[in-house]
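Each remark here refers to the structure printed beneath this line.
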Amino acid sequence: MLNNIKALVVVLFFATAIFTLARSACLHFMSEEDFRRRRAVWFVTTVAVFISPSVWLFILITIPIAIWAAKKDSSPLAASMIIGGATPSFYIAVPHLFAVNSGTALTLFIAIPVLLGQTLKKSNSNDGATRQQGNWVASTLLFTFLALQVIPYWRTESWSSLLRMAFVQIFLAMPGFWLITRTLKSYRAINEVMAVFVLTCALIAPMAVFESMRGWLLYMGVTQHWNASPNAFAYLMRSGQVRALATADHSLALGFIMALGFGFCLHLQRSLNSRKTFAVVGLLMWAGMYAAFSRGPWIAAVMIMFVYLWLMPKGTGRVVKAAIVTGLIGAVIAVTPFGERIINVLPFVGKLETGNIDYRQALLDRALQLIPLKPWFGDIFVLRQMEDLRQGQGIIDLVNGFLLIALFYGLVPLLILLWFILIVIFKVQRASLNSRFFDLNVSSLGSILIACIAGTIFYIWIARFAGELVFLSGLGLAYAKLVSADNHAAVRRLS
C-alpha cells in the first residue's frame, strides 16, 4: 500500500502541473465549468484508484461519480473519457457471469442512462429527425461483425454461456458507439471531445516518461493489490529501457493512443492558432510515444500527419514541405544520444529485435495456409495448428488484428468490418469535400478523422483490433451527419 501512496504522489504532481499549464488551451474548446468539473472528476477517480483496498470498493466509488459527471457535463462522452483516462486498464470478473474491461464497464454506466433519456425524450423537430437517420447501415454492420464473433462457439458452449458472450461482445460495445453518434450534435462538440482526448494523453505522457526513466510502472501496484488478472506485458524491456504502460494494458496501446493524440493536435491547432502551444503538446505526445518504445505507433503518427496534410487543400505541397521538415528533424535526432537507439529498433533498418519482423512474416505465411481451410467462418481452435509459433513468453502472438479475425472468425466477419470502415471513410470524405467551400476548419475536421482512421487500420495490421476504430468511426459518422444537415438547410434557404 505504501508504494501505491508514493505512486499517487507522483501522479498527482504531474497531473497538477498539466492541468495548470493546459487550462488556457482547454478553454478554447470547453467552458470553464466543464473544465473544472472534469479536473475534479479526474483527481477524485485517481485518488480512488490508489487508495481503494479492493476493486469492488473502487467500482462503488466510481459508478456514482460517472453517473453524476455524465448528468452534469455538457458532453457525456467527454466525461466518460476523463474517467476512463484516470483508470488503469484491467478486467473486472463478475462471478459466474463474465469478465469485462474496466473502461467498457464505466462507459456503460454513462451511456445507458443517456441513451435511455434520449429515447424517452424523442425530438419531434425536423432537425432532430435529420440527425437521427442515416447511420443505420453502419450500425447494423458493426452489430453484425460483433455478433459473428459469438456464433462460432455455439457447438462448444451452452446457451447460457453464449448469452454471456453476446452480452460482453455486443451489448457492452454498441452503447458506447451510439453514445458517440447520437450525442455529438455540433462541430464544437466533436472538437471538444478531441480536446479532452488530447488532455488525457497530456496527463499520461509525463507519467509514461517517468516510468521509462525510473523503471517503475506507477499503476502496476494497484492491479496487483486488487488481485486483478496479472498483466503479462508489464515490465517489457527494449534496448535496456522499460516500456511504459501508464493506464494502458500494453505499451503498444499506450503508444498508439499518443499517436492519435498527436493527430488530433494537428487539427485543433487551427483553432488555437498558437504554434507554441502546438509544439509543446506535440512534443508531449511524442515523448509518451518514445517512453512506450513501440515502433508501430511512431510510424502510425507519421502516417496520420502525412495523410492529413495530403487531404487538405494544396495537399501535395504540404506533404513535400512536411517531408523536408521531418527529414531535418530526423537528421538532428540521429546525432543525439537517442538517435542510435531509435534507429536500431526501426523496422528493416534497425539491428535490434529483428526476430520480430521474421516472426510476423512467419505468422503471415502460416495464416495464408490456414485461412483457406475454413475461409468463411474461421476456426476457433486454429491455435492447435500453430504450436510451432509459440514464443518464449508461452503465447502465440497474433500481432495482426485482421489475420486474427480471418483465422478465428473467417472472411465473412472480416469483409463486414472492411465494409463498415469503407462506408465511414466514404461518408467523411464526401462531407469534408462538401464543407471545403464554406468552412476550411470543418473540412479539416473531416480530414483528420480520415487520417486517424487510416493510422488505426495500420495499427490493427501490425498489432491487434483497436477499440479506437469504433470511437473514430462514431466521430466520423456524427461529423458526416452534421455536414449533411447543414447542406440540407442551405438548400432549403436557397429554395
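Ligands are numbered from 1 in the order shown, residues from 1 within each chain, and chains are lettered A, B, ... in the order they appear in the C-alpha cells.
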
Near segment 309-311 of chain A, within 8 Å and counting only C-alpha atoms, which residues show up once chain neighbours fewer than 6 positions away are dropped, as an MDAnalysis selection string? chainID A and resid 318:319 447

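Excluding Asn3 of chain A and any residue on its chain fewer than 2 positions from it, the residues at most 10 Å away by only C-alpha atoms are Met1, Ile5, Lys6, Ala7, Leu8, Val9, Phe50, Leu218, Gly221 and Val222 of chain A.
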
Could you dump the residues just selected with N, CA and C atoms as a PDB file, in the first residue's frame?
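Saved file out12.pdb follows:
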```pdb
ATOM      1  N   MET A   1       0.826  -1.208   0.000  1.00  0.00           N
ATOM      2  CA  MET A   1       0.000   0.000   0.000  1.00  0.00           C
ATOM      3  C   MET A   1       0.864   1.263   0.000  1.00  0.00           C
ATOM      4  N   ILE A   5       0.806   4.697  -2.431  1.00  0.00           N
ATOM      5  CA  ILE A   5       0.730   6.096  -1.974  1.00  0.00           C
ATOM      6  C   ILE A   5       1.849   6.908  -2.623  1.00  0.00           C
ATOM      7  N   LYS A   6       3.050   6.315  -2.707  1.00  0.00           N
ATOM      8  CA  LYS A   6       4.156   7.013  -3.368  1.00  0.00           C
ATOM      9  C   LYS A   6       3.826   7.273  -4.838  1.00  0.00           C
ATOM     10  N   ALA A   7       3.268   6.245  -5.495  1.00  0.00           N
ATOM     11  CA  ALA A   7       2.887   6.406  -6.899  1.00  0.00           C
ATOM     12  C   ALA A   7       1.812   7.476  -7.050  1.00  0.00           C
ATOM     13  N   LEU A   8       0.867   7.518  -6.103  1.00  0.00           N
ATOM     14  CA  LEU A   8      -0.195   8.525  -6.151  1.00  0.00           C
ATOM     15  C   LEU A   8       0.390   9.928  -6.072  1.00  0.00           C
ATOM     16  N   VAL A   9       1.384  10.130  -5.223  1.00  0.00           N
ATOM     17  CA  VAL A   9       2.023  11.447  -5.095  1.00  0.00           C
ATOM     18  C   VAL A   9       2.646  11.860  -6.427  1.00  0.00           C
ATOM     19  N   PHE A  50      -5.909   4.615  -6.278  1.00  0.00           N
ATOM     20  CA  PHE A  50      -4.733   4.261  -5.491  1.00  0.00           C
ATOM     21  C   PHE A  50      -5.031   3.922  -4.031  1.00  0.00           C
ATOM     22  N   LEU A 218       3.821   2.924 -12.565  1.00  0.00           N
ATOM     23  CA  LEU A 218       3.111   3.556 -11.453  1.00  0.00           C
ATOM     24  C   LEU A 218       1.811   2.852 -11.102  1.00  0.00           C
ATOM     25  N   GLY A 221       1.156  -1.518  -9.267  1.00  0.00           N
ATOM     26  CA  GLY A 221       0.912  -1.922  -7.888  1.00  0.00           C
ATOM     27  C   GLY A 221      -0.564  -1.951  -7.537  1.00  0.00           C
ATOM     28  N   VAL A 222      -1.358  -1.102  -8.216  1.00  0.00           N
ATOM     29  CA  VAL A 222      -2.795  -1.043  -7.943  1.00  0.00           C
ATOM     30  C   VAL A 222      -3.471  -2.350  -8.323  1.00  0.00           C
TER      31      VAL A 222
END
```

Closest of A:Ala362, A:Leu415, A:Leu398, A:Cys452 to Phe465 of chain A, counting only C-alpha atoms, is A:Leu398

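Among the candidates A:Pro206, A:Thr336, A:Val198, A:Val412, the one nearest to Ala15 of chain A when counting only C-alpha atoms is A:Pro206.
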
Find the residues near Phe306 of chain A: any atom within 12 Å, counting only C-alpha atoms, skip ones fewer than 2 places away on the same chain, and give them as a count of residues only. 32

Who sits within 10 Å of segment 230-237 of chain A, only C-alpha atoms, same chain under 4 positions skipped, as a PyMOL selection string: chain A and resi 89-91+211-212+215-217+220+223-224+241-245+249-252+292-293+393+395

So which residues touch His28 of chain A within 12 Å, counting only C-alpha atoms, skipping near sequence neighbours fewer than 5 positions away, as a CSV table (one decimal) with N, CA and C atoms, in the first residue's frame?
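Output file around-v5.csv is given in full below:
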```csv
chain,number,residue,atom,x,y,z
A,22,ALA,N,-2.4,23.5,-19.1
A,22,ALA,CA,-3.3,23.2,-20.2
A,22,ALA,C,-4.6,24.0,-20.1
A,23,ARG,N,-4.8,24.7,-19.0
A,23,ARG,CA,-6.1,25.4,-18.7
A,23,ARG,C,-6.5,26.3,-19.8
A,34,ASP,N,-17.1,23.2,-17.2
A,34,ASP,CA,-16.8,21.8,-17.6
A,34,ASP,C,-15.4,21.5,-17.3
A,35,PHE,N,-14.5,22.4,-17.6
A,35,PHE,CA,-13.1,22.1,-17.3
A,35,PHE,C,-12.8,21.8,-15.8
A,188,ARG,N,-18.4,21.9,-32.7
A,188,ARG,CA,-17.7,22.3,-31.5
A,188,ARG,C,-17.7,21.1,-30.5
A,189,ALA,N,-18.8,20.3,-30.5
A,189,ALA,CA,-18.8,19.1,-29.6
A,189,ALA,C,-17.8,18.1,-30.0
A,191,ASN,N,-15.0,18.8,-31.7
A,191,ASN,CA,-13.7,19.3,-31.3
A,191,ASN,C,-13.4,19.3,-29.8
A,192,GLU,N,-14.5,19.4,-29.0
A,192,GLU,CA,-14.3,19.3,-27.6
A,192,GLU,C,-13.9,17.9,-27.1
A,195,ALA,N,-10.3,17.5,-27.9
A,195,ALA,CA,-9.5,18.3,-26.9
A,195,ALA,C,-9.4,17.5,-25.6
A,196,VAL,N,-10.5,16.9,-25.2
A,196,VAL,CA,-10.5,16.1,-23.9
A,196,VAL,C,-9.6,14.9,-24.1
A,268,LEU,N,-6.6,20.6,-34.1
A,268,LEU,CA,-7.0,21.5,-33.1
A,268,LEU,C,-6.2,22.8,-33.1
A,269,GLN,N,-4.9,22.7,-33.5
A,269,GLN,CA,-4.1,23.9,-33.5
A,269,GLN,C,-4.6,24.9,-34.5
A,270,ARG,N,-5.4,24.6,-35.4
A,270,ARG,CA,-6.0,25.6,-36.3
A,270,ARG,C,-6.9,26.5,-35.5
A,271,SER,N,-7.6,26.0,-34.5
A,271,SER,CA,-8.5,26.8,-33.7
A,271,SER,C,-7.7,27.6,-32.7
A,272,LEU,N,-6.6,27.0,-32.2
A,272,LEU,CA,-5.8,27.7,-31.2
A,272,LEU,C,-5.0,28.8,-31.8
A,273,ASN,N,-4.5,28.5,-33.1
A,273,ASN,CA,-3.7,29.5,-33.8
A,273,ASN,C,-2.5,29.9,-33.0
A,274,SER,N,-1.9,28.8,-32.3
A,274,SER,CA,-0.7,29.1,-31.5
A,274,SER,C,0.3,28.0,-31.7
```

Residues within 12 Å of Ser139 of chain A, only C-alpha atoms, excluding chain neighbours under 5 positions, as a list in words: Gln133, Gly134, Thr144, Phe145, Leu146, Ile170, Ala173, Met174, Pro175, Gly176, Phe177, Trp178, Ile180, Thr181, Arg182, Ile416, Leu417, Trp419, Phe420, Ile421, Ile423, Val424, Val470, Ser473, Gly474 and Leu477 of chain A

Interatomic distance, atom CA of Tyr290 of chain A to atom CA of Ala259 of chain A (Å, one decimal): 10.6 Å

List the spatial neighbours of Ala406 of chain A as a PDB file with N, CA, C and O atoms, in the first residue's frame - criterion: any atom at most 9 Å away, only C-alpha atoms, same-chain residues fewer than 3 positions off excluded.
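Final file, around.pdb:
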```pdb
ATOM      1  N   ALA A 367      -0.773 -18.084 -41.679  1.00  0.00           N
ATOM      2  CA  ALA A 367      -2.180 -17.677 -41.779  1.00  0.00           C
ATOM      3  C   ALA A 367      -2.700 -17.886 -43.197  1.00  0.00           C
ATOM      4  O   ALA A 367      -3.834 -18.344 -43.394  1.00  0.00           O
ATOM      5  N   ILE A 371      -6.099 -20.082 -43.489  1.00  0.00           N
ATOM      6  CA  ILE A 371      -7.373 -19.423 -43.780  1.00  0.00           C
ATOM      7  C   ILE A 371      -8.172 -20.155 -44.857  1.00  0.00           C
ATOM      8  O   ILE A 371      -9.388 -20.335 -44.705  1.00  0.00           O
ATOM      9  N   PRO A 375     -12.478 -20.916 -44.695  1.00  0.00           N
ATOM     10  CA  PRO A 375     -12.393 -19.497 -45.067  1.00  0.00           C
ATOM     11  C   PRO A 375     -13.524 -18.626 -44.584  1.00  0.00           C
ATOM     12  O   PRO A 375     -13.305 -17.461 -44.260  1.00  0.00           O
ATOM     13  N   TRP A 376     -14.768 -19.132 -44.547  1.00  0.00           N
ATOM     14  CA  TRP A 376     -15.906 -18.241 -44.360  1.00  0.00           C
ATOM     15  C   TRP A 376     -16.142 -17.857 -42.908  1.00  0.00           C
ATOM     16  O   TRP A 376     -16.356 -16.686 -42.602  1.00  0.00           O
ATOM     17  N   PHE A 377     -16.095 -18.822 -41.992  1.00  0.00           N
ATOM     18  CA  PHE A 377     -16.394 -18.519 -40.584  1.00  0.00           C
ATOM     19  C   PHE A 377     -15.280 -18.967 -39.650  1.00  0.00           C
ATOM     20  O   PHE A 377     -15.479 -19.048 -38.446  1.00  0.00           O
ATOM     21  N   GLY A 378     -14.114 -19.253 -40.196  1.00  0.00           N
ATOM     22  CA  GLY A 378     -12.932 -19.462 -39.391  1.00  0.00           C
ATOM     23  C   GLY A 378     -12.936 -20.713 -38.551  1.00  0.00           C
ATOM     24  O   GLY A 378     -13.790 -21.593 -38.683  1.00  0.00           O
ATOM     25  N   ASP A 379     -11.948 -20.784 -37.668  1.00  0.00           N
ATOM     26  CA  ASP A 379     -11.767 -21.948 -36.793  1.00  0.00           C
ATOM     27  C   ASP A 379     -11.306 -21.441 -35.437  1.00  0.00           C
ATOM     28  O   ASP A 379     -10.183 -20.940 -35.302  1.00  0.00           O
ATOM     29  N   GLY A 401      -4.299  -7.797 -36.292  1.00  0.00           N
ATOM     30  CA  GLY A 401      -5.718  -7.877 -35.959  1.00  0.00           C
ATOM     31  C   GLY A 401      -6.572  -8.439 -37.077  1.00  0.00           C
ATOM     32  O   GLY A 401      -7.521  -9.183 -36.837  1.00  0.00           O
ATOM     33  N   PHE A 402      -6.251  -8.107 -38.322  1.00  0.00           N
ATOM     34  CA  PHE A 402      -7.038  -8.599 -39.447  1.00  0.00           C
ATOM     35  C   PHE A 402      -6.845 -10.101 -39.648  1.00  0.00           C
ATOM     36  O   PHE A 402      -7.802 -10.827 -39.934  1.00  0.00           O
ATOM     37  N   LEU A 403      -5.597 -10.566 -39.493  1.00  0.00           N
ATOM     38  CA  LEU A 403      -5.355 -12.003 -39.605  1.00  0.00           C
ATOM     39  C   LEU A 403      -6.050 -12.770 -38.490  1.00  0.00           C
ATOM     40  O   LEU A 403      -6.572 -13.871 -38.704  1.00  0.00           O
ATOM     41  N   TYR A 409     -12.547 -16.208 -36.972  1.00  0.00           N
ATOM     42  CA  TYR A 409     -13.958 -15.983 -37.278  1.00  0.00           C
ATOM     43  C   TYR A 409     -14.262 -15.984 -38.776  1.00  0.00           C
ATOM     44  O   TYR A 409     -15.428 -15.960 -39.157  1.00  0.00           O
ATOM     45  N   GLY A 410     -13.238 -15.990 -39.617  1.00  0.00           N
ATOM     46  CA  GLY A 410     -13.452 -16.155 -41.045  1.00  0.00           C
ATOM     47  C   GLY A 410     -13.467 -14.859 -41.833  1.00  0.00           C
ATOM     48  O   GLY A 410     -13.396 -13.748 -41.290  1.00  0.00           O
ATOM     49  N   LEU A 411     -13.569 -15.031 -43.144  1.00  0.00           N
ATOM     50  CA  LEU A 411     -13.542 -13.888 -44.051  1.00  0.00           C
ATOM     51  C   LEU A 411     -14.848 -13.107 -44.058  1.00  0.00           C
ATOM     52  O   LEU A 411     -14.861 -11.924 -44.390  1.00  0.00           O
ATOM     53  N   VAL A 412     -15.959 -13.762 -43.696  1.00  0.00           N
ATOM     54  CA  VAL A 412     -17.252 -13.054 -43.694  1.00  0.00           C
ATOM     55  C   VAL A 412     -17.240 -11.899 -42.680  1.00  0.00           C
ATOM     56  O   VAL A 412     -17.539 -10.755 -43.048  1.00  0.00           O
ATOM     57  N   PRO A 413     -16.882 -12.145 -41.407  1.00  0.00           N
ATOM     58  CA  PRO A 413     -16.797 -11.006 -40.468  1.00  0.00           C
ATOM     59  C   PRO A 413     -15.751  -9.977 -40.899  1.00  0.00           C
ATOM     60  O   PRO A 413     -15.969  -8.773 -40.728  1.00  0.00           O
ATOM     61  N   LEU A 414     -14.636 -10.443 -41.458  1.00  0.00           N
ATOM     62  CA  LEU A 414     -13.593  -9.507 -41.886  1.00  0.00           C
ATOM     63  C   LEU A 414     -14.101  -8.592 -42.993  1.00  0.00           C
ATOM     64  O   LEU A 414     -13.871  -7.378 -42.968  1.00  0.00           O
TER      65      LEU A 414
END
```

When distances are computed from only C-alpha atoms, which of A:Phe171, A:Tyr219, A:Phe58, A:Trp159 shows the smallest separation from Leu108 of chain A? A:Phe171

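Shortest separation to Trp42 of chain A among A:Leu142, A:Ala480, A:Ala287, A:Val11 occurs at residue A:Val11, atoms counted being only C-alpha atoms.
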
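Using only C-alpha atoms, the nearest neighbour of Leu482 of chain A within the list A:Cys265, A:Ser186, A:Asp365, A:Val399 is A:Ser186.
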
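Proximity of A:Ala111, A:Val49, A:Ala40, A:Ile380 to Thr16 of chain A, computed with only C-alpha atoms, is greatest for A:Ala40.
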
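Separating atom CA of Leu363 of chain A from atom CA of Ile462 of chain A is a distance of 11.4 Å.
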
Quick check for you: according to DSSP on this backbone, which residues of segment 86-271 of chain A are classed as alpha helix (DSSP H)? Reply as JSON, numbers by chain. {"A": [86, 102, 103, 104, 105, 106, 107, 108, 109, 110, 111, 112, 113, 114, 115, 116, 117, 118, 119, 120, 126, 127, 128, 129, 130, 131, 132, 136, 137, 138, 139, 140, 141, 142, 143, 144, 145, 146, 147, 159, 160, 161, 162, 163, 164, 165, 166, 174, 175, 176, 177, 178, 179, 180, 181, 182, 183, 187, 188, 189, 190, 191, 192, 193, 194, 195, 196, 197, 198, 199, 200, 201, 202, 203, 204, 205, 206, 207, 208, 209, 210, 211, 212, 213, 214, 220, 221, 222, 223, 224, 225, 251, 252, 253, 254, 255, 256, 257, 258, 259, 260, 261, 262, 263, 264, 265, 266, 267, 268, 269, 270, 271]}

Output C-alpha atoms of each residue in that selection to a file, as a CSV table (one decimal), in the first residue's frame.
```csv
chain,number,residue,atom,x,y,z
A,86,ALA,CA,-7.8,8.1,-15.0
A,102,SER,CA,-12.8,-1.5,-16.7
A,103,GLY,CA,-13.1,1.2,-19.3
A,104,THR,CA,-16.0,-0.5,-21.1
A,105,ALA,CA,-17.9,-1.0,-17.8
A,106,LEU,CA,-17.6,2.7,-16.8
A,107,THR,CA,-18.7,3.8,-20.3
A,108,LEU,CA,-21.7,1.6,-20.0
A,109,PHE,CA,-22.9,3.3,-16.8
A,110,ILE,CA,-22.6,6.6,-18.6
A,111,ALA,CA,-24.0,5.6,-22.0
A,112,ILE,CA,-27.1,3.6,-21.0
A,113,PRO,CA,-28.8,6.4,-18.8
A,114,VAL,CA,-28.0,9.0,-21.5
A,115,LEU,CA,-29.4,6.8,-24.3
A,116,LEU,CA,-32.5,5.9,-22.3
A,117,GLY,CA,-33.1,9.6,-21.6
A,118,GLN,CA,-32.8,10.4,-25.3
A,119,THR,CA,-35.3,7.6,-26.1
A,120,LEU,CA,-37.8,8.9,-23.6
A,126,ASN,CA,-37.1,18.1,-38.3
A,127,ASP,CA,-33.6,18.9,-37.4
A,128,GLY,CA,-33.6,16.1,-34.8
A,129,ALA,CA,-35.1,13.7,-37.3
A,130,THR,CA,-32.5,14.5,-39.8
A,131,ARG,CA,-29.7,13.9,-37.4
A,132,GLN,CA,-31.1,10.6,-36.1
A,136,TRP,CA,-28.4,2.5,-39.5
A,137,VAL,CA,-26.4,0.7,-42.2
A,138,ALA,CA,-23.1,1.3,-40.4
A,139,SER,CA,-24.6,0.4,-37.0
A,140,THR,CA,-26.1,-2.8,-38.5
A,141,LEU,CA,-22.7,-3.8,-40.0
A,142,LEU,CA,-20.9,-3.1,-36.7
A,143,PHE,CA,-23.5,-5.1,-34.8
A,144,THR,CA,-23.3,-8.0,-37.3
A,145,PHE,CA,-19.5,-8.0,-37.1
A,146,LEU,CA,-19.6,-8.3,-33.3
A,147,ALA,CA,-22.4,-11.0,-33.4
A,159,TRP,CA,-26.8,-21.4,-24.4
A,160,SER,CA,-26.2,-19.5,-21.1
A,161,SER,CA,-22.5,-19.2,-21.9
A,162,LEU,CA,-23.4,-17.9,-25.4
A,163,LEU,CA,-25.7,-15.3,-23.9
A,164,ARG,CA,-23.0,-14.1,-21.6
A,165,MET,CA,-20.5,-13.9,-24.5
A,166,ALA,CA,-23.1,-12.0,-26.6
A,174,MET,CA,-22.7,-0.8,-29.0
A,175,PRO,CA,-23.9,1.6,-26.3
A,176,GLY,CA,-20.5,3.4,-26.5
A,177,PHE,CA,-20.8,3.7,-30.3
A,178,TRP,CA,-24.4,5.0,-30.0
A,179,LEU,CA,-23.3,7.5,-27.3
A,180,ILE,CA,-20.9,9.0,-29.8
A,181,THR,CA,-23.2,9.1,-32.9
A,182,ARG,CA,-26.3,10.4,-31.0
A,183,THR,CA,-24.9,12.9,-28.6
A,187,TYR,CA,-18.7,20.6,-34.7
A,188,ARG,CA,-17.7,22.3,-31.5
A,189,ALA,CA,-18.8,19.1,-29.6
A,190,ILE,CA,-16.6,16.9,-31.7
A,191,ASN,CA,-13.7,19.3,-31.3
A,192,GLU,CA,-14.3,19.3,-27.6
A,193,VAL,CA,-14.2,15.5,-27.4
A,194,MET,CA,-10.9,15.7,-29.4
A,195,ALA,CA,-9.5,18.3,-26.9
A,196,VAL,CA,-10.5,16.1,-23.9
A,197,PHE,CA,-8.7,13.1,-25.6
A,198,VAL,CA,-5.6,15.2,-26.1
A,199,LEU,CA,-5.8,16.4,-22.5
A,200,THR,CA,-6.0,12.8,-21.2
A,201,CYS,CA,-2.9,12.0,-23.4
A,202,ALA,CA,-1.1,15.0,-22.0
A,203,LEU,CA,-1.8,13.8,-18.4
A,204,ILE,CA,-0.5,10.3,-19.2
A,205,ALA,CA,2.6,11.3,-21.2
A,206,PRO,CA,4.8,12.7,-18.4
A,207,MET,CA,3.9,9.6,-16.3
A,208,ALA,CA,5.0,7.4,-19.1
A,209,VAL,CA,8.3,9.2,-19.4
A,210,PHE,CA,8.8,8.8,-15.6
A,211,GLU,CA,8.0,5.1,-15.8
A,212,SER,CA,10.5,4.6,-18.6
A,213,MET,CA,13.3,6.6,-16.9
A,214,ARG,CA,12.8,5.1,-13.4
A,220,MET,CA,1.0,-1.8,-11.7
A,221,GLY,CA,0.9,-1.9,-7.9
A,222,VAL,CA,-2.8,-1.0,-7.9
A,223,THR,CA,-3.9,-4.0,-10.0
A,224,GLN,CA,-1.6,-6.3,-8.0
A,225,HIS,CA,-3.1,-5.0,-4.8
A,251,SER,CA,3.0,-0.3,-24.4
A,252,LEU,CA,1.7,-0.7,-28.0
A,253,ALA,CA,-1.7,0.6,-26.9
A,254,LEU,CA,-0.1,3.5,-25.0
A,255,GLY,CA,2.0,4.5,-28.0
A,256,PHE,CA,-1.0,4.3,-30.3
A,257,ILE,CA,-3.1,6.5,-28.0
A,258,MET,CA,-0.4,9.1,-28.1
A,259,ALA,CA,-0.2,8.9,-31.9
A,260,LEU,CA,-4.0,9.6,-32.1
A,261,GLY,CA,-3.5,12.5,-29.6
A,262,PHE,CA,-0.8,13.9,-31.9
A,263,GLY,CA,-3.1,13.6,-34.9
A,264,PHE,CA,-5.9,15.5,-33.1
A,265,CYS,CA,-3.4,18.2,-32.2
A,266,LEU,CA,-2.8,18.7,-36.0
A,267,HIS,CA,-6.4,19.8,-36.4
A,268,LEU,CA,-7.0,21.5,-33.1
A,269,GLN,CA,-4.1,23.9,-33.5
A,270,ARG,CA,-6.0,25.6,-36.3
A,271,SER,CA,-8.5,26.8,-33.7
```

Please report, as a ChimeraX atom specification, each residue of segment 208-247 of chain A to which DSSP assigns strand (DSSP E or B) when run on this structure's backbone. /A:237-238,241-242

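Atom pair atom CA of Asp397 of chain A / atom CA of Ala246 of chain A has a distance of 22.1 Å (rounded to one decimal).
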